[in-house]
Structures are given as C-alpha cells and as structure tokens.
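One structure is given below, encoded as structure tokens.
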Amino acid sequence: MTEAAKEALSQTNFGTIDLVIVVVYLLFSLAIGLMVKRYAGSMTNYIGAGRKVGPWLGIATMTGTELGLITVMYSAQKGFTGGFAAFHMALIAGVVTLFVGLTGFIVGPLRRMRVLTIPEFYEKRFSKPVRVLGGILLVLAGVLNMGLFLKIGSQFIVGVTGIASESAALNWVMVGLLVLVLAYTTLGGMISVVLTDYVQFVVLSFGMLLASCLAISHLGWETIVDGVTTQLGAAGFDPTVEGSGFGWSYIFWQIILAGFVGCAVWPTAVARALAMESERAVRIQYSWSSVSFTVRFLLPYFWGICALVFITATPAGEDLKALFFAPEGEQAPLENLYAMPVFLGRIVPPVLLGILVAGMIAAFMSTHDSYFLTWSSVITQDIVAPLKRKPFSTKSRVRLTRILIVLMGGYVLYWGIFYKGSQDIWDYMGVTGGIYFTGAFVVLFLGIYWKRTSSLGATLGLCSGLLMLFGLDPLQRAVGLKSGPKDDAVQILTEAQIGLITVGIAIALTVLGSLLKPDTERTAS
C-alpha cells in the first residue's frame, strides 16, 4: 500500500471511545459462547439448536447470518461499480424469498423430513453414496466460497478505522477476528450462533439505518443521483443496457443465485429452516425475511453508490479520486473494496462510528460462525459418519466438529493471504458456491417434486457443478477463457453464462440418468 493510500485511510473519525464500544461488544459475544456451552452436548443441539427456534427469533438469526460483513462489502462494491442498476439483485432476492415463504418451496419438504443437513436428504431420498458425494461437493464449494471472507472483513476494519499505517495491519486484524469467532463457535455451536445472531441483528439494523441517513444528509439526494448520472450514465440505472456490467444473462443468473439459492438451497440459510419448531414457523420466517433479504442488498449497494459520488463529485473526496481511479492502462493504488469503509469513516461522527463498526464486526462474526459450523457439521454428519463402520458417538461427533472448525479457520487465514484473483467478490462467491448449488438446486428440486429422479441421475447432476471451476479467474486465464490485464480483461464466457450453462447441463444429466437407471424401490418423500 502506498504512502498516499495510507494517509487517505488514516483520515477517519474513529477514535478511542469507538474502540471501547467495539471491545465491550466483542467481550459480550464471547461471554454468550461460554454461557451456552453446557447446552451443546448433542448434535441436534449443537448444529440444530434442538429444533426449537421460533419464527421471530428465526427471522432475526437468518437476517443476522445472511447480512454478513462480506455481504456488505461485496454489495457496496457492486454499488460502487454499477450504481443504481445493482438494485435489481435486491428486488430478485426479496421476491423469491417471499415466494419460498408462501409456498414452502424446497424448505417445507426438507423440514417435514426432519433432516439436519441437505446431504442427509440425499441419503433418505437416494442412497448413502449420493449423500457422501453431496457432502464432499458441498464442503469443497463452501470452504472455497468462504475463503475470502476473513480478508474482506478485515479490509473493512482497516479502511474504516484508519489502522492501515501500521505494518501488516490487515494480517493482524484477520488473526484477531478469526480467534474471536473460533472461540465462541466451537464452544456453543448453533445455540451460541442463534443467540449472538439475534444480538447482532439488533445492533446491525440500527447501525445500517443510521449510516444510510447520514449518507443522504451529507451528500443530498440530488447530488447522489446527478453523481451517478455523470459517472456511469444510463448504465448506472438500467442493468440491461450495454456497459452496465450486468445484462440479461446476469439477471437470469441472479434469479438462481441471489434468489432461490440464497434462501432455499444455500446450507447456512437452510440450516435455519431445519432448526425451526415447525414447517409453519419456516414459512412465517421466510415470508417476513423477504423484507430483510431485500434490505441486506439495498443498503450496502446504496453505501457503495454514495462512496462513488463522495469520491468523484465532492470536494471532501477529491484526495481519494486518484487512489481509486487510475489512468487507463494502470492499476489504482487502492482496491475499490476500500471505498465504502473509507467513506463511512469520514462522514460518521465518533460514538456513532463505534456502534456502526461494532455492528459490522457483528455481521462478520454472524456469517463466520454459521459457515464454520455448517461446513464442519456436513463433514461430520454426511461424510465421516456414513463411512464409519463402528458406532460414532455423539461426544465424538461434537469433538470432531469442533476440531474441523479450527482447521477451517486456518484455511481461511491462508487463503485470504495468498489467493490472487481479479473478479468482483460477489462473482467469486457465485462461482465457488456454484460448485455445490448448480447441481444441488436441480437435484433438490427434481428429487422432491419428480418421483422418478434416481440415484444415478442425482450423482450426475451433482457432479455437473464441478464445471463451475472454470469460472474462477486464475483457471479462466490458465485455459484461455480470459486474457488481458486485470481491469481490462477479454472474457469469452462470463461467470453468469458459465453458471447458466452448468445448470442446464445438470438438468439434462439428472433427467437422463434417472430415465436410464431408475431407482425401483425409492419414491419422493
């Protein structure tokens, strides 16, 4: 990081009182993990909270998980580069989540079957080998997907607090946040996650609404609209026009990704449905969560838009323009991921900034705890346990799950430091998550609603998701699907196009395999 960039990041309102607010909140979260440890003795309690979560607590904890700091960061990045045109993803997320809530699509049947994980459904519906395969692909996708969470969350902390002038500040923040999350997640399991998510939901909601009001007050609505018009033109408002960075294929891909996958297929969201007290509670949870699923995108998009306008159209952000917008053919000194936290650090006053940062760290933790717990429990329940010939005791399962959480923590620290890719974070997450969900969405849908779906069809459909690896930036460059510099690359197939093609192949192979080799003794549940 250049000296000019460090100087720009240091100009923040974050002070001692803000630090005290953040530390007190973090200690409170850790205390929750210690207090609920004694209730996490069984796997049902440890990963399913005893299946006693009511609808209103479920709404809060689902929002707390799905509105993570990584969500705020990648959404702000899309707002910064795409303007108001990015809002289409928020609309899609809200409408589809409401549809799932009203119909019980996928999540209703899963809750009726009383499974703890999606791969467990694969065994009940198909066979044990399908469960193990599904678990392996789910863990591969999930672990890759969360690989950059720690780094991106730490970039927010570095940007908003101004500690970038310290040597290796980003790495030290990553280590500190990781230790905190590992501590209370390994101790309390899903009970700890649900309780902390509820607190984080309250803190985060207050902080985000407050910051949005301050942004409008500081810039003015007319300045915001005019700034986007000047900087992006029509592409800043219409996702279908050329130059918007979106397009129709991207919109259709978001219906699957931000819509159905985000609420009805992605395990961290489905885990909340499986922990609910009844199917009715699941439907209430999803119906009301459709509002929060919309807002979780809208507000961060808006922050990114405001950061763009602040940097390009106001005197106060004049010193930042050269740091985020380099001359053609050159690389900007600062990643655009820093734009939103730098903007907030300059406009939000002390004390309120401390509350906001505490809320953002809350968002960071609420996502990490759920992801660590989900992926580790899938390995324990859906890969190791089915393959063991001897009885696998509850105590051993909980112990293994805790060990796996720590190992995953080491992985995300390593990946965050060493992975080099140029695509937007949201697109990276869509590609890595697609290794699992492109096949899983098809297999879940057909497995639940088409009784002829067979084990062979499910196997072929799940394996189709591996094609999404070709959406990763380093692999695209290696095989010639992308060439040129980071900011001006020539791309043969976009991530969205690769995703849609993969879903189509998964449907074709699942249907073909089911017709060629039916399961004579199994029917849909």
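Here, A, B, ... name the chains of the structure tokens in the order displayed, residue numbers run from 1 inside each chain, and ligands are numbered from 1 in the same displayed order.
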Inset, instruction - Compile the contact shell of Gly259 of chain A as a VMD selection string: residues with an atom at most 9 Å away, counting only C-alpha atoms, same-chain residues fewer than 3 positions apart removed. - result: chain A and resid 89 to 90 92 to 97 254 to 256 262 to 264
Legend entry - Distance query Tyr428 of chain A at most 12 Å, only C-alpha atoms, self and fewer than 2 positions along chain excluded, as a PyMOL selection string: chain A and resi 70+74+141+144-149+419-426+430-435+468-474+494-496+499
Could the residues in this selection be saved with N, CA, C and O atoms as a short mmCIF file (atom, residue, chain, number, x, y, z; two decimals), in the first residue's frame?
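Output below, filename part_14.cif:
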data_model
loop_
_atom_site.label_atom_id
_atom_site.label_comp_id
_atom_site.auth_asym_id
_atom_site.auth_seq_id
_atom_site.Cartn_x
_atom_site.Cartn_y
_atom_site.Cartn_z
N ILE A 70 -19.22 -9.66 4.81
CA ILE A 70 -18.86 -9.97 3.43
C ILE A 70 -19.97 -9.52 2.48
O ILE A 70 -19.71 -9.01 1.39
N TYR A 74 -19.25 -6.92 -0.56
CA TYR A 74 -19.41 -7.21 -1.98
C TYR A 74 -20.58 -6.45 -2.58
O TYR A 74 -20.56 -6.08 -3.76
N ALA A 141 -17.19 -26.66 -2.18
CA ALA A 141 -17.72 -25.36 -2.60
C ALA A 141 -17.78 -24.39 -1.44
O ALA A 141 -17.39 -23.22 -1.56
N LEU A 144 -14.23 -23.17 -0.26
CA LEU A 144 -13.70 -22.22 -1.24
C LEU A 144 -14.47 -20.91 -1.20
O LEU A 144 -13.90 -19.82 -1.29
N ASN A 145 -15.78 -21.01 -1.04
CA ASN A 145 -16.65 -19.83 -1.06
C ASN A 145 -16.30 -18.86 0.06
O ASN A 145 -16.30 -17.64 -0.13
N MET A 146 -16.02 -19.39 1.25
CA MET A 146 -15.75 -18.51 2.38
C MET A 146 -14.26 -18.16 2.51
O MET A 146 -13.86 -17.50 3.45
N GLY A 147 -13.47 -18.58 1.52
CA GLY A 147 -12.03 -18.37 1.61
C GLY A 147 -11.61 -16.91 1.73
O GLY A 147 -10.58 -16.61 2.33
N LEU A 148 -12.40 -15.99 1.16
CA LEU A 148 -12.02 -14.58 1.19
C LEU A 148 -12.80 -13.78 2.23
O LEU A 148 -12.60 -12.57 2.35
N PHE A 149 -13.69 -14.44 2.97
CA PHE A 149 -14.50 -13.72 3.96
C PHE A 149 -13.63 -12.98 4.97
O PHE A 149 -13.88 -11.81 5.30
N TYR A 419 -4.50 -16.04 -1.94
CA TYR A 419 -5.27 -16.14 -3.18
C TYR A 419 -5.19 -14.85 -3.98
O TYR A 419 -5.36 -13.76 -3.43
N LYS A 420 -4.95 -14.97 -5.29
CA LYS A 420 -4.88 -13.81 -6.18
C LYS A 420 -5.89 -13.99 -7.30
O LYS A 420 -5.76 -14.85 -8.17
N GLY A 421 -6.94 -13.19 -7.30
CA GLY A 421 -7.95 -13.22 -8.35
C GLY A 421 -8.46 -11.81 -8.58
O GLY A 421 -8.43 -10.97 -7.68
N SER A 422 -8.97 -11.53 -9.78
CA SER A 422 -9.33 -10.15 -10.12
C SER A 422 -10.84 -9.91 -10.18
O SER A 422 -11.26 -8.77 -10.28
N GLN A 423 -11.67 -10.97 -10.11
CA GLN A 423 -13.10 -10.77 -10.26
C GLN A 423 -13.71 -10.15 -9.01
O GLN A 423 -13.16 -10.26 -7.91
N ASP A 424 -14.88 -9.50 -9.18
CA ASP A 424 -15.59 -8.95 -8.03
C ASP A 424 -15.88 -10.06 -7.03
O ASP A 424 -16.09 -11.22 -7.40
N ILE A 425 -15.95 -9.71 -5.75
CA ILE A 425 -16.15 -10.70 -4.70
C ILE A 425 -17.47 -11.45 -4.87
O ILE A 425 -17.55 -12.66 -4.67
N TRP A 426 -18.53 -10.74 -5.25
CA TRP A 426 -19.82 -11.39 -5.45
C TRP A 426 -19.73 -12.44 -6.55
O TRP A 426 -20.29 -13.54 -6.43
N GLY A 430 -20.25 -16.49 -6.32
CA GLY A 430 -21.19 -17.21 -7.18
C GLY A 430 -20.54 -18.39 -7.87
O GLY A 430 -21.15 -19.46 -8.00
N VAL A 431 -19.29 -18.21 -8.28
CA VAL A 431 -18.57 -19.29 -8.96
C VAL A 431 -18.24 -20.42 -7.99
O VAL A 431 -18.53 -21.59 -8.26
N THR A 432 -17.64 -20.10 -6.86
CA THR A 432 -17.24 -21.14 -5.91
C THR A 432 -18.46 -21.84 -5.31
O THR A 432 -18.49 -23.07 -5.21
N GLY A 433 -19.47 -21.07 -4.93
CA GLY A 433 -20.68 -21.68 -4.41
C GLY A 433 -21.38 -22.52 -5.45
O GLY A 433 -22.04 -23.53 -5.12
N GLY A 434 -21.23 -22.15 -6.72
CA GLY A 434 -21.88 -22.87 -7.80
C GLY A 434 -21.40 -24.30 -7.96
O GLY A 434 -22.10 -25.14 -8.53
N ILE A 435 -20.20 -24.60 -7.46
CA ILE A 435 -19.71 -25.98 -7.49
C ILE A 435 -20.70 -26.89 -6.77
O ILE A 435 -20.93 -28.03 -7.16
N MET A 468 -18.23 -25.43 -12.72
CA MET A 468 -18.14 -24.04 -12.26
C MET A 468 -16.71 -23.63 -11.93
O MET A 468 -16.41 -22.44 -11.83
N LEU A 469 -15.83 -24.60 -11.76
CA LEU A 469 -14.42 -24.26 -11.51
C LEU A 469 -13.85 -23.41 -12.64
O LEU A 469 -12.93 -22.61 -12.42
N PHE A 470 -14.39 -23.57 -13.84
CA PHE A 470 -13.90 -22.79 -14.97
C PHE A 470 -14.33 -21.32 -14.90
O PHE A 470 -13.96 -20.52 -15.76
N GLY A 471 -15.11 -20.95 -13.88
CA GLY A 471 -15.44 -19.55 -13.68
C GLY A 471 -14.46 -18.81 -12.80
O GLY A 471 -14.49 -17.58 -12.72
N LEU A 472 -13.54 -19.54 -12.14
CA LEU A 472 -12.53 -18.89 -11.30
C LEU A 472 -11.51 -18.17 -12.16
O LEU A 472 -11.00 -18.72 -13.15
N ASP A 473 -11.17 -16.95 -11.78
CA ASP A 473 -10.29 -16.11 -12.59
C ASP A 473 -8.94 -16.77 -12.92
O ASP A 473 -8.55 -16.80 -14.09
N PRO A 474 -8.21 -17.33 -11.95
CA PRO A 474 -6.92 -17.96 -12.30
C PRO A 474 -7.07 -19.12 -13.28
O PRO A 474 -6.25 -19.28 -14.19
N THR A 494 -18.70 -15.22 -19.48
CA THR A 494 -18.81 -14.58 -18.17
C THR A 494 -19.16 -15.64 -17.12
O THR A 494 -19.59 -16.75 -17.44
N GLU A 495 -19.01 -15.25 -15.85
CA GLU A 495 -19.36 -16.16 -14.76
C GLU A 495 -20.84 -16.53 -14.83
O GLU A 495 -21.22 -17.68 -14.58
N ALA A 496 -21.69 -15.56 -15.18
CA ALA A 496 -23.12 -15.82 -15.27
C ALA A 496 -23.44 -16.82 -16.37
O ALA A 496 -24.26 -17.73 -16.21
N GLY A 499 -22.44 -20.24 -15.31
CA GLY A 499 -23.40 -20.75 -14.35
C GLY A 499 -24.68 -21.26 -15.00
O GLY A 499 -25.17 -22.35 -14.66
#
Legend entry - Residue neighbourhood Leu299 of chain A, 10 Å, only C-alpha atoms, exclusion window fewer than 3 positions, as a list of chain:residue names: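 Close residues of Leu299 of chain A: A:Val72, A:Ser75, A:Ala76, A:Gly79, A:Phe87, A:Ala90, A:Met208, A:Leu209, A:Ala211, A:Ser212, A:Thr294, A:Val295, A:Arg296, A:Phe302, A:Trp303, A:Gly304, A:Ile305.
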Inset, instruction - Return as JSON, numbers by chain the full set of residues in segment 237-439 of chain A whose backbone-based DSSP assignment is alpha helix (DSSP H). - result: {"A": [248, 249, 250, 251, 252, 253, 254, 267, 268, 269, 270, 271, 272, 273, 274, 279, 280, 281, 282, 283, 284, 285, 286, 287, 288, 289, 290, 291, 292, 293, 294, 295, 296, 297, 298, 299, 300, 301, 302, 303, 304, 305, 306, 307, 308, 309, 310, 311, 312, 313, 318, 319, 320, 321, 322, 323, 324, 339, 340, 341, 342, 343, 344, 345, 346, 347, 352, 353, 354, 355, 356, 357, 358, 359, 360, 361, 362, 363, 364, 365, 366, 367, 368, 369, 370, 371, 372, 373, 374, 375, 376, 377, 378, 385, 386, 387, 394, 395, 396, 397, 398, 399, 400, 401, 402, 403, 404, 405, 406, 407, 408, 409, 410, 411, 412, 413, 414, 415, 416, 417, 418, 425, 426, 427, 428, 429, 430, 431, 432, 433, 434, 435, 436, 437, 438, 439]}
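Closest to Leu69 of chain A among A:Leu446, A:Ala358, A:Val115, A:Leu387 is A:Ala358, based on only C-alpha atoms.
The residue set within 9 Å of Leu337 of chain A, counting only C-alpha atoms and dropping same-chain residues fewer than 5 places from it, reads A:Met73, A:Tyr74, A:Ala76, A:Gln77, A:Phe80, A:Ile152, A:Gln155, A:Phe156.
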Legend entry - Nearest residue to Leu466 of chain A from the set A:Val100, A:Cys306, A:Ala506, A:Ala281 (distances using only C-alpha atoms):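 Counting only C-alpha atoms, the residue closest to Leu466 of chain A is A:Ala506.
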Legend entry - Contacts of Val130 of chain A within 7 Å, only C-alpha atoms, excl. fewer than 4 positions in-chain, as a PyMOL selection string: chain A and resi 122-123+126+134+455+459
Legend entry - Close residues, Val22 of chain A itself excluded, 9 Å, only C-alpha atoms, min 6 positions apart in chain, as a list in words: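 Using only C-alpha atoms, the neighbours found are Gly354, Ile355, Val357, Ala358, Gly359 and Ile361 of chain A.
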Legend entry - Shortest interatomic distance to Thr502 of chain A - which of A:Ile157, A:Leu27, A:Val442, A:Trp450, counting only C-alpha atoms: A:Val442
Inset, instruction - Take atom CA of Leu137 of chain A and atom CA of Phe392 of chain A and report the distance between them in Å, one decimal. - result: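 Pair atom CA of Leu137 of chain A / atom CA of Phe392 of chain A returns 22.4 Å.
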Inset, instruction - Report the distance between atom CA of Gly439 of chain A and atom CA of Ser464 of chain A in Å, rounded to one decimal place. - result: 6.0 Å
Inset, instruction - Would you kindly return, as a list of chain:residue names, each protein, DNA or RNA residue with an atom no farther than 10 Å from any atom of Leu404 of chain A, considering only C-alpha atoms and excluding same-chain residues fewer than 6 positions away? - result: A:Thr186, A:Phe372, A:Leu373, A:Trp375, A:Ser376, A:Ser377, A:Ile379, A:Thr380, A:Val398, A:Gly410
Inset, instruction - Please return as a PyMOL selection string: the residues of segment 443-500 of chain A that backbone DSSP assigns to strand (DSSP E). - result: chain A and resi 482-483+490-491
